Structure formats: C-alpha cells, structure tokens
Amino acid sequence: MADTIGAAAAEVLLTADPVEKSGLSRHHAARWRAGELGALYDVPMPDRPARPPRPELLPPSRMPKRGRAGSERSRIALLHALAHIEFNAIDLAWDAAGRFGGAMPQAFTDDWVAVADDEARHFMLLADRLAELGAAYGDLPAHDGLWEAAMSTADDLLARLAVVPQVLEARGLDVTPATESRLRAAGDKLSADVLNTIYRDEIVHVSIGNRWFRHLCDELRIEAAPTFQRLVGSRFKGALKRPFNDSARIEAGLTPAFYDSLASP
C-alpha cells in the first residue's frame with residue numbers, strides 16, 4: 001500500500017478497473033486528510049493511466065450522437081458519457097497532485113486530492129444510476145479527448161490549470177443546467193438530481209483551478225487573463241463554445257475577461 005502522496009497518486013493512475021480506481025481514490029484521499037500519507041512526491045506520474053478493456057475509445061468525430069435525453073436509450077448514453085468524464089477526472093486530479101504538487105504549497109495538494117475524491121464519488125453516483133437503468137460503464141464507446149488535454153499540458157502547470165479546470169470543466173457548467181432540465185422534463189428525477197450534485201461540485205473545482213492559476217500569475221507578476229488566453233490559444237484545440245453560463249463561471253472566479261474573446265462567433 002502506498003505510503004506517500006506520490007505513490008498514492010501513481011497507484012490510482014495505474015489502476016484500470018473503474019470501481020477499484022474510484023474506491024482507491026476515495027481511500028487515499030481519506031488517508032491524506034488523516035495524515036497517513038507522507039508529503040513526498042517520490043514516484044513519477046505515468047504518461048498514460050491504466051484503462052479497462054471497455055469502453056472502446058474512439059476519436060471524438062466518430063462518437064455516435066446521444067440525442068436529447070427524451071428516451072431511456074438517450075439518457076443511458078448521456079449518463080455513460082458523463083461517467084466517462086468523471087472516470088478520467090479522477091486521473092486528472094491525482095495527476096495534478098502527483099505531478100505538480102511538490103513545487104507548490106501543501107494546500108495545492110489538499111485541493112486536488114479533494115477534487116479527486118469528489119470525482120470518484122461522482123463516478124460512483126453515475127455508475128449506480130446506470131445500473132438502475134440496466135446498463136453499465138463500458139457498454140458504449142467513449143473518446144480519449146480528456147487525457148489528450150492532460151498530455152498536452154504535462155510540462156506546464158499554468159497550462160494545465162488553464163485548459164483542464166477552466167476550459168473543460170467550465171464547459172460542464174455551461175451545458176449541465178439545460179441537460180438537467182431536460183431530464184426533469186422527461187420524468188427522470190433521479191438522474192437530474194445526480195447531475196445537480198455534480199454541477200454544484202464542479203463550480204468548486206473550476207474555482208480551485210482559477211484560484212491557483214491566479215496565484216501562479218501573481219507569483220510570476222504576469223496578468224492572469226491575457227496569460228489564460230495565450231495558453232488556451234496554444235494548448236487547446238478549437239474555439240470555446242457559446243453560450244456561456246456566466247453566473248456559474250463568475251461564481252468560480254472565471255470572469256468573461258478570461259474567455260469571451262476566445263469564443264467562436
């Protein structure tokens with residue numbers, strides 16, 4: 001069993017089974033909070049996390065359309081896609097802690113371990129809801145875009161903080177309220193409640209990314225918004241998509257001055 005935060009992060013990343021990964025993430029998060037893991041970043045993070053044989057990973061362009069949550073089939077596809085995002089998010093949070101935590105204040109590791117704990121809990125909620133609908137994570141194809149973003153920012157914490165929490169997770173803030181409303185309109189209150197739980201937590205996650213991004217910019221004596229725009233322009237493929245959930249983004253500290261100029265018309 002891992003006895004340092006570096007070893008714990010690597011152990012989660014190298015665990016392929018989704019149930020085991022999420023359980024181990026929660027276990028190591030509790031051990032970190034209890035002071036049972038040494039603050040040593042003594043194990044290198046793998047270039048890629050371990051992955052189960054299913055789901056099949058496809059390029060985003062080949063992913064089938066999910067529909068708008070009106071049928072049970074489309075709701076299963078939606079929940080499966082969200083479960084895949086949360087499964088990847090477990091690894092993204094542990095990678096941030098293990099890869100970059102040694103050069104940062106301990107509060108940085110505290111924050112990303114807490115995010116990893118949340119993402120594991122989210123995955124479990126979605127996996128349980130899929131099971132209630134007679135499905136399971138792995139039944140449908142998924143794409144590998146989230147870890148591609150991690151690989152493209154593995155050399156630069158500022159770039160990681162710009163792209164992962166403040167672009168990819170912030171996109172969830174934009175689309176989740178409408179999706180939750182469609183689920184409620186379809187009579188699927190249980191799934192809608194899961195999305196609402198995730199949505200409130202993701203505001204906190206985006207705020208963590210924004211706060212540490214601003215912290216680093218202050219230390220480097222550079223302006224945060226132009227730096228964000230430069231990094232997203234160079235490290236993120238494509239334009240940001242409107243409409244934005246400005247109120248949730250602002251609650252997370254991510255003001256329109258950061259992202260509005262990067263959006264497609």
# chains A, B, ... in the order shown; residues from 1 in each chain; ligands from 1

$ closest_atom_pairs --of "range 112-221 of chain A" --to "range 236-240 of chain A" --cutoff "12 Å" --atoms "only C-alpha atoms" --output "Markdown table"
| residue | atom | partner | partner_atom | distance |
| --- | --- | --- | --- | --- |
| A:Gly145 | CA | A:Lys237 | CA | 10.2 |
| A:Leu146 | CA | A:Phe236 | CA | 11.0 |
| A:Glu148 | CA | A:Phe236 | CA | 9.9 |
| A:Ala149 | CA | A:Phe236 | CA | 7.4 |
| A:Ala150 | CA | A:Phe236 | CA | 10.6 |
| A:Met151 | CA | A:Phe236 | CA | 11.4 |
| A:Ser152 | CA | A:Phe236 | CA | 8.4 |
| A:Thr153 | CA | A:Phe236 | CA | 9.4 |
| A:Ala159 | CA | A:Phe236 | CA | 9.3 |
| A:Arg160 | CA | A:Phe236 | CA | 10.2 |
| A:Leu161 | CA | A:Phe236 | CA | 11.9 |
| A:Ala162 | CA | A:Phe236 | CA | 9.3 |
| A:Val163 | CA | A:Phe236 | CA | 6.6 |
| A:Val164 | CA | A:Phe236 | CA | 9.5 |
| A:Gln166 | CA | A:Leu240 | CA | 10.9 |
| A:Val167 | CA | A:Leu240 | CA | 7.7 |
| A:Leu168 | CA | A:Leu240 | CA | 9.6 |
| A:Ala170 | CA | A:Leu240 | CA | 10.3 |
| A:Arg171 | CA | A:Leu240 | CA | 8.5 |
| A:Asp174 | CA | A:Leu240 | CA | 11.0 |

$ residues_around --residues "Pro243 in chain A" --least-positions-apart "5" --cutoff "12 Å" --atoms "only C-alpha atoms" --output "ChimeraX atom specification"
/A:170-175,178,249,256,259-260,263-265

$ residues_around --residues "Ala7 in chain A" --least-positions-apart "6" --cutoff "12 Å" --atoms "only C-alpha atoms" --output "list in words"
Met1, Leu13, Leu14, His28, Trp32, Leu37, Gly38, Ala39, Leu40, Tyr41, Asp42, Val43, Pro44, Met45, Pro46, Trp94, Asp95, Ala97, Gly98 and Arg99 of chain A

$ select_by_dssp --residues "range 122-247 of chain A" --states "alpha helix (DSSP H)" --output "PyMOL selection string"
chain A and resi 122-132+145-152+157-163+170-185+189-220+224-235+246-247

$ atom_distance --atom1 "CA of Lys241 in chain A" --atom2 "CA of Glu169 in chain A"
12.9 Å

$ residues_around --residues "Asp91 in chain A" --least-positions-apart "6" --cutoff "8 Å" --atoms "only C-alpha atoms" --output "PyMOL selection string"
chain A and resi 12-13+49+116

$ closest_residue --among "A:Ser74, A:Asn196, A:Ser22, A:Ser261" --to "Ala135 in chain A" --atoms "only C-alpha atoms"
A:Ser74

$ closest_residue --among "A:Pro55, A:Pro60, A:Gly253, A:Gly187" --to "Ile208 in chain A" --atoms "only C-alpha atoms"
A:Gly253

$ closest_residue --among "A:Ala8, A:Leu140, A:Ile85, A:Ile222" --to "Glu56 in chain A" --atoms "only C-alpha atoms"
A:Leu140
